[in-house]
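Structure below is start.cif: mmCIF, C-alpha atoms and all ligand atoms.
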```
data_protein
#
loop_
_atom_site.group_PDB
_atom_site.id
_atom_site.type_symbol
_atom_site.label_atom_id
_atom_site.label_comp_id
_atom_site.auth_asym_id
_atom_site.auth_seq_id
_atom_site.Cartn_x
_atom_site.Cartn_y
_atom_site.Cartn_z
ATOM 1 C CA MET A 16 -8.873 15.352 1.987
ATOM 2 C CA ASN A 17 -7.895 14.897 5.616
ATOM 3 C CA ALA A 18 -8.383 17.658 8.110
ATOM 4 C CA ALA A 19 -4.758 18.061 9.165
ATOM 5 C CA SER A 20 -3.134 18.762 5.808
ATOM 6 C CA GLN A 21 -5.269 20.380 3.150
ATOM 7 C CA PHE A 22 -3.927 20.472 -0.392
ATOM 8 C CA LEU A 23 -0.214 19.841 -0.026
ATOM 9 C CA SER A 24 1.852 20.844 -3.039
ATOM 10 C CA GLN A 25 3.617 18.304 -5.267
ATOM 11 C CA ALA A 26 6.917 19.435 -3.743
ATOM 12 C CA GLU A 27 5.627 18.853 -0.225
ATOM 13 C CA LEU A 28 4.296 15.404 -1.133
ATOM 14 C CA THR A 29 7.608 14.552 -2.822
ATOM 15 C CA GLU A 30 9.503 15.526 0.317
ATOM 16 C CA ILE A 31 7.213 13.406 2.489
ATOM 17 C CA ALA A 32 7.752 10.455 0.120
ATOM 18 C CA ARG A 33 11.514 10.927 0.371
ATOM 19 C CA LYS A 34 11.360 10.843 4.168
ATOM 20 C CA ILE A 35 9.202 7.717 4.088
ATOM 21 C CA ARG A 36 11.780 6.007 1.844
ATOM 22 C CA VAL A 37 14.546 6.976 4.272
ATOM 23 C CA SER A 38 12.548 5.416 7.122
ATOM 24 C CA ILE A 39 11.874 2.249 5.117
ATOM 25 C CA VAL A 40 15.481 1.455 4.247
ATOM 26 C CA SER A 41 16.670 2.420 7.740
ATOM 27 C CA MET A 42 14.189 0.187 9.548
ATOM 28 C CA LEU A 43 14.858 -2.749 7.248
ATOM 29 C CA THR A 44 18.606 -2.560 7.827
ATOM 30 C CA ALA A 45 18.101 -2.185 11.579
ATOM 31 C CA ALA A 46 15.886 -5.281 11.594
ATOM 32 C CA GLY A 47 18.195 -7.280 9.332
ATOM 33 C CA SER A 48 15.181 -8.808 7.578
ATOM 34 C CA GLY A 49 12.022 -7.790 5.758
ATOM 35 C CA HIS A 50 10.647 -6.804 2.359
ATOM 36 C CA THR A 51 12.298 -3.916 0.558
ATOM 37 C CA ALA A 52 11.278 -3.732 -3.108
ATOM 38 C CA GLY A 53 7.493 -3.701 -2.783
ATOM 39 C CA ALA A 54 7.574 -1.286 0.149
ATOM 40 C CA LEU A 55 9.725 1.287 -1.688
ATOM 41 C CA GLY A 56 7.575 1.002 -4.814
ATOM 42 C CA MET A 57 4.328 1.790 -2.978
ATOM 43 C CA VAL A 58 5.486 5.022 -1.325
ATOM 44 C CA GLU A 59 3.578 7.445 -3.574
ATOM 45 C CA ILE A 60 0.363 5.428 -3.182
ATOM 46 C CA PHE A 61 0.648 5.652 0.607
ATOM 47 C CA THR A 62 1.715 9.290 0.584
ATOM 48 C CA SER A 63 -1.249 10.212 -1.628
ATOM 49 C CA LEU A 64 -3.723 8.390 0.533
ATOM 50 C CA TYR A 65 -2.494 9.506 3.946
ATOM 51 C CA PHE A 66 -1.401 13.052 3.084
ATOM 52 C CA ASP A 67 -3.608 14.080 0.184
ATOM 53 C CA ARG A 68 -6.860 12.156 0.210
ATOM 54 C CA ALA A 69 -8.178 10.069 3.048
ATOM 55 C CA LYS A 70 -10.222 11.396 5.942
ATOM 56 C CA ILE A 71 -8.094 10.261 8.868
ATOM 57 C CA ASP A 72 -7.020 11.741 12.179
ATOM 58 C CA PRO A 73 -3.816 10.420 13.778
ATOM 59 C CA SER A 74 -4.961 11.755 17.152
ATOM 60 C CA ASN A 75 -8.190 9.761 16.867
ATOM 61 C CA PRO A 76 -7.396 6.563 14.917
ATOM 62 C CA SER A 77 -10.808 5.020 15.532
ATOM 63 C CA TRP A 78 -12.751 8.133 14.501
ATOM 64 C CA PRO A 79 -16.055 6.676 13.246
ATOM 65 C CA ASP A 80 -16.162 9.003 10.218
ATOM 66 C CA ARG A 81 -12.680 8.074 9.001
ATOM 67 C CA ASP A 82 -11.871 6.438 5.708
ATOM 68 C CA TYR A 83 -10.525 2.921 6.021
ATOM 69 C CA ILE A 84 -7.110 2.194 4.499
ATOM 70 C CA LEU A 85 -6.364 -1.516 4.355
ATOM 71 C CA LEU A 86 -2.983 -2.963 3.430
ATOM 72 C CA SER A 87 -3.712 -6.405 2.034
ATOM 73 C CA ALA A 88 -0.148 -7.293 0.984
ATOM 74 C CA GLY A 89 1.077 -7.360 4.571
ATOM 75 C CA HIS A 90 4.705 -8.167 3.778
ATOM 76 C CA THR A 91 5.121 -4.622 2.412
ATOM 77 C CA CYS A 92 4.301 -3.177 5.874
ATOM 78 C CA PRO A 93 7.511 -1.105 6.190
ATOM 79 C CA VAL A 94 5.759 1.426 3.938
ATOM 80 C CA LEU A 95 2.657 1.335 6.143
ATOM 81 C CA TYR A 96 4.613 1.771 9.386
ATOM 82 C CA ALA A 97 6.838 4.507 7.948
ATOM 83 C CA THR A 98 3.790 6.378 6.626
ATOM 84 C CA LEU A 99 1.836 6.068 9.881
ATOM 85 C CA ALA A 100 4.849 7.374 11.811
ATOM 86 C CA GLU A 101 5.361 10.242 9.345
ATOM 87 C CA LYS A 102 1.687 11.133 9.735
ATOM 88 C CA GLY A 103 2.002 11.170 13.529
ATOM 89 C CA PHE A 104 0.173 7.997 14.549
ATOM 90 C CA PHE A 105 3.192 7.114 16.707
ATOM 91 C CA ASP A 106 6.755 8.283 17.338
ATOM 92 C CA LYS A 107 9.178 7.721 14.459
ATOM 93 C CA LYS A 108 11.718 6.350 16.968
ATOM 94 C CA GLU A 109 9.564 3.250 17.298
ATOM 95 C CA LEU A 110 10.373 2.332 13.674
ATOM 96 C CA ASP A 111 13.718 1.042 14.992
ATOM 97 C CA THR A 112 11.857 -1.754 16.783
ATOM 98 C CA PHE A 113 10.587 -3.257 13.513
ATOM 99 C CA ARG A 114 10.595 -7.073 13.763
ATOM 100 C CA ASP A 115 11.985 -7.089 17.338
ATOM 101 C CA ILE A 116 10.578 -9.557 19.850
ATOM 102 C CA ASN A 117 7.366 -8.128 21.386
ATOM 103 C CA THR A 118 7.411 -5.069 19.118
ATOM 104 C CA ARG A 119 4.214 -3.364 17.983
ATOM 105 C CA LEU A 120 5.757 -3.302 14.482
ATOM 106 C CA GLN A 121 5.568 -6.949 13.577
ATOM 107 C CA GLY A 122 6.918 -8.397 10.344
ATOM 108 C CA HIS A 123 3.331 -8.444 9.095
ATOM 109 C CA PRO A 124 0.728 -5.967 10.421
ATOM 110 C CA HIS A 125 -1.397 -6.922 13.400
ATOM 111 C CA LEU A 126 -4.738 -5.163 13.834
ATOM 112 C CA HIS A 127 -4.548 -4.599 17.573
ATOM 113 C CA SER A 128 -0.848 -3.789 17.815
ATOM 114 C CA LEU A 129 -0.601 -0.295 16.483
ATOM 115 C CA PRO A 130 -2.934 2.692 15.946
ATOM 116 C CA GLY A 131 -3.869 3.171 12.307
ATOM 117 C CA ILE A 132 -3.812 -0.481 11.328
ATOM 118 C CA GLU A 133 -7.225 -1.549 10.041
ATOM 119 C CA ILE A 134 -6.621 -5.266 9.335
ATOM 120 C CA THR A 135 -4.210 -8.024 10.155
ATOM 121 C CA SER A 136 -2.554 -9.128 6.924
ATOM 122 C CA GLY A 137 0.297 -11.191 5.580
ATOM 123 C CA ALA A 138 -1.585 -14.167 4.220
ATOM 124 C CA LEU A 139 -1.930 -12.827 0.690
ATOM 125 C CA GLY A 140 -5.247 -12.441 -1.100
ATOM 126 C CA GLN A 141 -7.518 -11.753 1.868
ATOM 127 C CA GLY A 142 -7.597 -7.969 2.173
ATOM 128 C CA LEU A 143 -10.071 -7.270 -0.604
ATOM 129 C CA SER A 144 -12.613 -9.589 1.044
ATOM 130 C CA GLN A 145 -12.286 -7.638 4.275
ATOM 131 C CA ALA A 146 -12.578 -4.362 2.376
ATOM 132 C CA VAL A 147 -15.750 -5.626 0.699
ATOM 133 C CA GLY A 148 -17.281 -6.447 4.083
ATOM 134 C CA MET A 149 -16.488 -2.969 5.392
ATOM 135 C CA ALA A 150 -17.740 -1.241 2.246
ATOM 136 C CA LEU A 151 -20.963 -3.251 2.289
ATOM 137 C CA GLY A 152 -21.568 -2.393 5.950
ATOM 138 C CA LEU A 153 -20.998 1.301 5.289
ATOM 139 C CA GLN A 154 -23.267 1.194 2.243
ATOM 140 C CA LEU A 155 -26.049 -0.471 4.263
ATOM 141 C CA ASP A 156 -25.644 2.174 6.981
ATOM 142 C CA GLN A 157 -25.713 4.909 4.300
ATOM 143 C CA LYS A 158 -22.388 6.273 5.570
ATOM 144 C CA ASP A 159 -19.978 8.392 3.532
ATOM 145 C CA ASN A 160 -16.704 6.776 4.671
ATOM 146 C CA ARG A 161 -14.655 5.329 1.819
ATOM 147 C CA VAL A 162 -12.671 2.092 1.893
ATOM 148 C CA TYR A 163 -9.260 1.887 0.227
ATOM 149 C CA CYS A 164 -7.622 -1.501 -0.194
ATOM 150 C CA ILE A 165 -3.987 -1.724 -1.270
ATOM 151 C CA MET A 166 -3.024 -4.987 -2.928
ATOM 152 C CA SER A 167 0.048 -6.338 -4.677
ATOM 153 C CA ASP A 168 0.043 -7.807 -8.167
ATOM 154 C CA GLY A 169 0.991 -11.209 -6.735
ATOM 155 C CA GLU A 170 -2.350 -11.153 -4.920
ATOM 156 C CA GLN A 171 -4.155 -11.054 -8.253
ATOM 157 C CA GLN A 172 -3.147 -14.704 -8.595
ATOM 158 C CA GLU A 173 -5.167 -15.640 -5.477
ATOM 159 C CA GLY A 174 -8.667 -17.083 -6.000
ATOM 160 C CA GLN A 175 -10.154 -15.297 -2.990
ATOM 161 C CA THR A 176 -9.347 -11.937 -4.550
ATOM 162 C CA TRP A 177 -11.668 -12.797 -7.419
ATOM 163 C CA GLU A 178 -14.528 -13.834 -5.136
ATOM 164 C CA ALA A 179 -14.223 -10.376 -3.599
ATOM 165 C CA TYR A 180 -14.134 -8.634 -6.996
ATOM 166 C CA MET A 181 -17.261 -10.577 -7.993
ATOM 167 C CA TYR A 182 -19.188 -9.618 -4.865
ATOM 168 C CA ALA A 183 -18.191 -5.947 -4.924
ATOM 169 C CA GLY A 184 -19.071 -5.591 -8.600
ATOM 170 C CA ASP A 185 -22.416 -7.296 -8.127
ATOM 171 C CA HIS A 186 -23.291 -5.081 -5.141
ATOM 172 C CA SER A 187 -22.076 -1.858 -6.802
ATOM 173 C CA LEU A 188 -19.823 -0.963 -3.864
ATOM 174 C CA SER A 189 -18.960 2.475 -5.206
ATOM 175 C CA ASN A 190 -17.401 3.439 -1.858
ATOM 176 C CA LEU A 191 -14.604 0.920 -2.448
ATOM 177 C CA THR A 192 -11.370 1.766 -4.259
ATOM 178 C CA ALA A 193 -8.653 -0.845 -4.754
ATOM 179 C CA PHE A 194 -5.045 -0.045 -5.548
ATOM 180 C CA ILE A 195 -2.949 -2.692 -7.251
ATOM 181 C CA ASP A 196 0.803 -2.295 -6.978
ATOM 182 C CA ARG A 197 1.618 -3.509 -10.484
ATOM 183 C CA ASN A 198 5.355 -3.860 -9.971
ATOM 184 C CA HIS A 199 5.730 -6.976 -12.149
ATOM 185 C CA ILE A 200 7.641 -8.931 -9.507
ATOM 186 C CA GLN A 201 6.814 -11.510 -6.899
ATOM 187 C CA ILE A 202 8.734 -13.772 -4.542
ATOM 188 C CA GLY A 203 10.087 -16.157 -7.164
ATOM 189 C CA GLY A 204 10.715 -13.899 -10.147
ATOM 190 C CA ASN A 205 9.102 -11.520 -12.611
ATOM 191 C CA SER A 206 5.370 -12.126 -12.796
ATOM 192 C CA ASN A 207 5.634 -12.625 -16.566
ATOM 193 C CA ASN A 208 7.775 -15.672 -15.884
ATOM 194 C CA VAL A 209 5.609 -17.002 -13.043
ATOM 195 C CA LEU A 210 1.989 -16.323 -14.007
ATOM 196 C CA PRO A 211 1.435 -13.367 -16.350
ATOM 197 C CA LEU A 212 -1.264 -10.811 -15.572
ATOM 198 C CA ASN A 213 -1.457 -9.251 -18.996
ATOM 199 C CA ARG A 214 -5.257 -8.947 -19.114
ATOM 200 C CA LEU A 215 -5.661 -7.732 -15.551
ATOM 201 C CA SER A 216 -7.673 -4.622 -16.395
ATOM 202 C CA GLU A 217 -10.119 -6.482 -18.673
ATOM 203 C CA MET A 218 -10.486 -9.273 -16.130
ATOM 204 C CA ILE A 219 -11.378 -6.871 -13.304
ATOM 205 C CA ARG A 220 -13.767 -4.955 -15.580
ATOM 206 C CA SER A 221 -15.531 -8.185 -16.458
ATOM 207 C CA PHE A 222 -16.319 -8.549 -12.743
ATOM 208 C CA GLY A 223 -18.286 -5.294 -12.767
ATOM 209 C CA TRP A 224 -15.563 -2.823 -11.747
ATOM 210 C CA GLU A 225 -14.228 0.344 -13.294
ATOM 211 C CA THR A 226 -10.485 0.305 -13.814
ATOM 212 C CA ILE A 227 -7.940 3.076 -14.288
ATOM 213 C CA THR A 228 -4.296 2.369 -15.125
ATOM 214 C CA ILE A 229 -1.795 5.023 -14.062
ATOM 215 C CA ASP A 230 1.842 5.716 -13.280
ATOM 216 C CA GLY A 231 1.827 4.781 -9.599
ATOM 217 C CA HIS A 232 4.622 7.237 -8.812
ATOM 218 C CA SER A 233 2.738 10.285 -10.126
ATOM 219 C CA PHE A 234 0.946 12.275 -7.438
ATOM 220 C CA SER A 235 -1.205 14.067 -10.006
ATOM 221 C CA ALA A 236 -2.226 10.774 -11.641
ATOM 222 C CA LEU A 237 -3.071 9.268 -8.259
ATOM 223 C CA HIS A 238 -5.048 12.370 -7.296
ATOM 224 C CA SER A 239 -7.151 12.443 -10.450
ATOM 225 C CA ALA A 240 -7.694 8.669 -10.423
ATOM 226 C CA MET A 241 -9.104 8.945 -6.908
ATOM 227 C CA ASP A 242 -11.293 11.865 -8.010
ATOM 228 C CA ARG A 243 -12.655 9.732 -10.836
ATOM 229 C CA ALA A 244 -13.194 6.760 -8.534
ATOM 230 C CA GLU A 245 -15.423 8.918 -6.332
ATOM 231 C CA GLN A 246 -17.655 9.666 -9.340
ATOM 232 C CA HIS A 247 -18.105 6.042 -10.399
ATOM 233 C CA GLU A 248 -21.238 4.083 -9.527
ATOM 234 C CA GLN A 249 -19.231 0.851 -9.400
ATOM 235 C CA PRO A 250 -16.108 0.029 -7.368
ATOM 236 C CA THR A 251 -12.863 1.158 -8.963
ATOM 237 C CA ALA A 252 -9.503 -0.564 -9.237
ATOM 238 C CA ILE A 253 -6.560 1.760 -9.794
ATOM 239 C CA ILE A 254 -3.820 -0.283 -11.413
ATOM 240 C CA CYS A 255 -0.604 1.474 -10.428
ATOM 241 C CA GLU A 256 2.353 0.733 -12.670
ATOM 242 C CA THR A 257 5.300 0.986 -10.302
ATOM 243 C CA THR A 258 9.009 0.291 -10.143
ATOM 244 C CA PRO A 259 9.873 -2.090 -7.321
ATOM 245 C CA GLY A 260 12.605 -0.569 -5.165
ATOM 246 C CA LYS A 261 11.813 2.917 -6.510
ATOM 247 C CA GLY A 262 14.229 5.597 -5.357
ATOM 248 C CA VAL A 263 17.305 3.436 -4.754
ATOM 249 C CA SER A 264 19.036 2.626 -8.053
ATOM 250 C CA PHE A 265 20.622 -0.681 -7.087
ATOM 251 C CA ILE A 266 17.345 -2.016 -5.652
ATOM 252 C CA GLU A 267 15.074 -0.947 -8.507
ATOM 253 C CA SER A 268 13.429 -3.569 -10.766
ATOM 254 C CA ASP A 269 15.175 -6.612 -9.307
ATOM 255 C CA PHE A 270 12.963 -9.321 -7.832
ATOM 256 C CA GLU A 271 15.877 -10.528 -5.684
ATOM 257 C CA TRP A 272 15.062 -7.521 -3.464
ATOM 258 C CA HIS A 273 11.533 -8.814 -2.797
ATOM 259 C CA GLY A 274 12.440 -10.072 0.682
ATOM 260 C CA LYS A 275 15.971 -8.877 1.365
ATOM 261 C CA PRO A 276 17.031 -5.913 3.578
ATOM 262 C CA PRO A 277 19.916 -3.576 2.724
ATOM 263 C CA SER A 278 23.196 -4.335 4.494
ATOM 264 C CA GLU A 279 24.846 -1.534 6.508
ATOM 265 C CA GLU A 280 26.988 -0.618 3.520
ATOM 266 C CA GLU A 281 24.011 -0.705 1.142
ATOM 267 C CA LEU A 282 22.041 1.450 3.570
ATOM 268 C CA GLN A 283 24.687 4.173 3.426
ATOM 269 C CA ARG A 284 24.548 4.139 -0.400
ATOM 270 C CA ALA A 285 20.745 4.189 -0.311
ATOM 271 C CA LEU A 286 20.651 7.113 2.126
ATOM 272 C CA GLU A 287 23.060 9.050 -0.056
ATOM 273 C CA GLU A 288 20.791 8.537 -3.069
ATOM 274 C CA LEU A 289 17.858 9.650 -0.932
ATOM 275 C CA GLY A 290 19.578 12.895 -0.112
ATOM 276 C CA VAL A 291 20.610 12.168 3.478
ATOM 277 C CA GLN A 292 23.911 13.853 4.420
ATOM 278 C CA SER A 293 26.210 11.515 6.347
HETATM 279 C C1 LIG B 1 -1.399 -16.968 0.922
HETATM 280 C C2 LIG B 1 0.081 -16.695 0.837
HETATM 281 N N1 LIG B 1 0.843 -17.457 0.016
HETATM 282 C C3 LIG B 1 2.170 -17.226 -0.054
HETATM 283 C C4 LIG B 1 2.757 -16.262 0.700
HETATM 284 C C5 LIG B 1 4.264 -16.038 0.639
HETATM 285 N N2 LIG B 1 4.590 -14.817 -0.057
HETATM 286 C C6 LIG B 1 4.925 -13.708 0.609
HETATM 287 S S1 LIG B 1 5.217 -12.394 -0.374
HETATM 288 C C7 LIG B 1 4.937 -13.317 -1.771
HETATM 289 C C8 LIG B 1 5.076 -12.688 -3.150
HETATM 290 C C9 LIG B 1 3.827 -12.227 -3.767
HETATM 291 O O1 LIG B 1 4.024 -11.291 -4.786
HETATM 292 P P1 LIG B 1 3.817 -9.742 -4.531
HETATM 293 O O2 LIG B 1 2.858 -9.633 -3.420
HETATM 294 O O3 LIG B 1 3.522 -9.116 -5.828
HETATM 295 O O4 LIG B 1 5.238 -9.337 -3.949
HETATM 296 P P2 LIG B 1 6.249 -8.112 -4.239
HETATM 297 O O5 LIG B 1 5.739 -7.297 -5.352
HETATM 298 O O6 LIG B 1 6.349 -7.361 -2.951
HETATM 299 O O7 LIG B 1 7.560 -8.769 -4.566
HETATM 300 C C10 LIG B 1 4.617 -14.625 -1.426
HETATM 301 C C11 LIG B 1 4.323 -15.687 -2.396
HETATM 302 C C12 LIG B 1 1.931 -15.495 1.549
HETATM 303 N N3 LIG B 1 2.409 -14.498 2.303
HETATM 304 N N4 LIG B 1 0.594 -15.727 1.588
HETATM 305 MG MG MG B 2 4.484 -7.650 -6.959
#
```
Give the structure from this file in structure tokens form.
Ligand SMILES: Cc1ncc(C[n+]2csc(CCOP(=O)(O)OP(=O)(O)O)c2C)c(N)n1
Ligand SMILES: [Mg+2]
Amino acid sequence: MNAASQFLSQAELTEIARKIRVSIVSMLTAAGSGHTAGALGMVEIFTSLYFDRAKIDPSNPSWPDRDYILLSAGHTCPVLYATLAEKGFFDKKELDTFRDINTRLQGHPHLHSLPGIEITSGALGQGLSQAVGMALGLQLDQKDNRVYCIMSDGEQQEGQTWEAYMYAGDHSLSNLTAFIDRNHIQIGGNSNNVLPLNRLSEMIRSFGWETITIDGHSFSALHSAMDRAEQHEQPTAIICETTPGKGVSFIESDFEWHGKPPSEEELQRALEELGVQS
């Protein structure tokens, strides 16, 4: 639980998630490019971590006792930027600069650009390896910080991800929790039609991890999964079943929205659905 906001209610978390979705669609339309579906689908995961769970301090982003939140699937960064701004890491006005030349909010996150970013990402499949290195270092130093790594389901098709699973399981990195955004889409279609991941949970377990499968839009499920992860003696993967594009009806569950921003007209419809008065 972070110091600034102890025990927010479900209603408060839901309202924060709504605001983050408003920021996401607005910044994508302003930029005229970027990744919409994955970002919208991960909002509850980010809200839970930043507003309900992780030890972080927006006024001191490099606080040595903080938990580390790593976004591995860098293309979904609108959700990261919108969450960081909502949490107060930087002014929300800066979201309008997303993908501009020389912006701090690049199309994929850059470690040294913006406070709150823990890794550079965008090349898929690398974040879990970086998380493993951090978790191992913290374990060796006998520190209490936890490491949270947020991956996409497309990244489960990358070989490097499995090297990282193997190492973390073998070294019992119990301070490491992975989230998998199981939204069943990727760039070229539904994952079932590209490379199915039907045995994902068993596969991860066979590498020495605990796994928990939940509704990735449920704050209570996310909260109790993270509680359970803290009790495990092995690393834990929380497989979050999500709806890509969640919250905007005409974007939901359509892989064509993987890398497409809303037009001006679509933005107005999206904002209406998200409860913004025009
Ligand atoms: C190593 C690597 N290969 C390919 C890409 C191109 N790429 C960007 S997003 C993406 C789709 C991957 O699926 P997922 O991460 O599940 O996407 P989403 O759920 O957001 O649609 C691909 C192939 C990349 N960024 N990195
Ligand atoms: Mg996906």
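With only C-alpha atoms as the atoms that count, the residue of A:Gly204, A:Gln141, A:Glu109, A:Asp156 with the shortest distance to Gly174 of chain A is A:Gln141.
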Query raised in the report: Counting all atoms listed in the file, what residues are within 8 Å of ligand LIG 1 (chain B), given as a ChimeraX atom specification?
Result: /A:50-54,88-91,137-140,166-170,173,196-203,206,259,270,272-274
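Coordinates place atom CA of Asn207 of chain A at a distance of 22.7 Å from atom CA of Phe222 of chain A.
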Requested in this report: Write out as a ChimeraX atom specification the residues lying within 9 Å of Gln25 of chain A, counting all atoms listed in the file and excluding same-chain residues fewer than 3 positions away.
Outcome: /A:28-30,234-235
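The set of residues that the PyMOL selection byres (((chain A and resi 114) around 10) and not hetatm) takes from this file is Met42, Leu43, Ala45, Ala46, Gly47, Ser48, Gly49, Leu110, Asp111, Thr112, Phe113, Asp115, Ile116, Asn117, Thr118, Arg119, Leu120, Gln121, Gly122 and His123 of chain A.
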Query - Protein, DNA and RNA residues within 10 Å of (-18.0, 5.3, -10.7), only C-alpha atoms, as a VMD selection string - result: chain A and resid 187 to 192 224 to 226 242 to 251
Picked residues, the PyMOL selection byres (((chain A and resi 263) around 12) and not hetatm), as a PDB file with C-alpha atoms, in the coordinates of the input:
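The file below, part-v4.pdb, is the result:
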```pdb
ATOM      1  CA  ARG A  33      11.514  10.927   0.371  1.00  0.00           C
ATOM      2  CA  ARG A  36      11.780   6.007   1.844  1.00  0.00           C
ATOM      3  CA  VAL A  37      14.546   6.976   4.272  1.00  0.00           C
ATOM      4  CA  ILE A  39      11.874   2.249   5.117  1.00  0.00           C
ATOM      5  CA  VAL A  40      15.481   1.455   4.247  1.00  0.00           C
ATOM      6  CA  THR A  51      12.298  -3.916   0.558  1.00  0.00           C
ATOM      7  CA  ALA A  52      11.278  -3.732  -3.108  1.00  0.00           C
ATOM      8  CA  ALA A  54       7.574  -1.286   0.149  1.00  0.00           C
ATOM      9  CA  LEU A  55       9.725   1.287  -1.688  1.00  0.00           C
ATOM     10  CA  GLY A  56       7.575   1.002  -4.814  1.00  0.00           C
ATOM     11  CA  THR A 258       9.009   0.291 -10.143  1.00  0.00           C
ATOM     12  CA  PRO A 259       9.873  -2.090  -7.321  1.00  0.00           C
ATOM     13  CA  GLY A 260      12.605  -0.569  -5.165  1.00  0.00           C
ATOM     14  CA  LYS A 261      11.813   2.917  -6.510  1.00  0.00           C
ATOM     15  CA  GLY A 262      14.229   5.597  -5.357  1.00  0.00           C
ATOM     16  CA  SER A 264      19.036   2.626  -8.053  1.00  0.00           C
ATOM     17  CA  PHE A 265      20.622  -0.681  -7.087  1.00  0.00           C
ATOM     18  CA  ILE A 266      17.345  -2.016  -5.652  1.00  0.00           C
ATOM     19  CA  GLU A 267      15.074  -0.947  -8.507  1.00  0.00           C
ATOM     20  CA  SER A 268      13.429  -3.569 -10.766  1.00  0.00           C
ATOM     21  CA  ASP A 269      15.175  -6.612  -9.307  1.00  0.00           C
ATOM     22  CA  TRP A 272      15.062  -7.521  -3.464  1.00  0.00           C
ATOM     23  CA  PRO A 277      19.916  -3.576   2.724  1.00  0.00           C
ATOM     24  CA  GLU A 281      24.011  -0.705   1.142  1.00  0.00           C
ATOM     25  CA  LEU A 282      22.041   1.450   3.570  1.00  0.00           C
ATOM     26  CA  GLN A 283      24.687   4.173   3.426  1.00  0.00           C
ATOM     27  CA  ARG A 284      24.548   4.139  -0.400  1.00  0.00           C
ATOM     28  CA  ALA A 285      20.745   4.189  -0.311  1.00  0.00           C
ATOM     29  CA  LEU A 286      20.651   7.113   2.126  1.00  0.00           C
ATOM     30  CA  GLU A 287      23.060   9.050  -0.056  1.00  0.00           C
ATOM     31  CA  GLU A 288      20.791   8.537  -3.069  1.00  0.00           C
ATOM     32  CA  LEU A 289      17.858   9.650  -0.932  1.00  0.00           C
ATOM     33  CA  GLY A 290      19.578  12.895  -0.112  1.00  0.00           C
TER      34      GLY A 290
END
```
Query - Best match for closeness to ligand MG 2 (chain B) among A:Glu27, A:Glu271, A:Glu279, A:Asp80, counting only C-alpha atoms and all ligand atoms - result: A:Glu271
Query raised in the report: Counting only C-alpha atoms, what is within 8 Å of Ile35 of chain A, bar same-chain residues fewer than 6 positions away, as a PyMOL selection string?
Result: chain A and resi 58+94+97-98+101
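When only C-alpha atoms and all ligand atoms are used to compute distances to ligand MG 2 (chain B), the closest of the residues A:Ala193, A:Met57, A:Val162, A:Ile229 turns out to be A:Met57.
Put simply, atom CA of Leu95 of chain A is 22.2 Å away from atom CA of Ser239 of chain A.
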Query raised in the report: Which residue out of A:Met181, A:Val209, A:Ile165, A:Ile195 has the minimum interatomic distance to Thr257 of chain A when only C-alpha atoms are used?
Result: A:Ile195
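Put simply, atom CA of Gly231 of chain A is 4.2 Å away from atom CA of Cys255 of chain A.
Restricting the calculation to only C-alpha atoms and all ligand atoms, the smallest distance between ligand MG 2 (chain B) and any of A:Asn160, A:Ser233, A:Gln172, A:Ser278 is found for A:Gln172.
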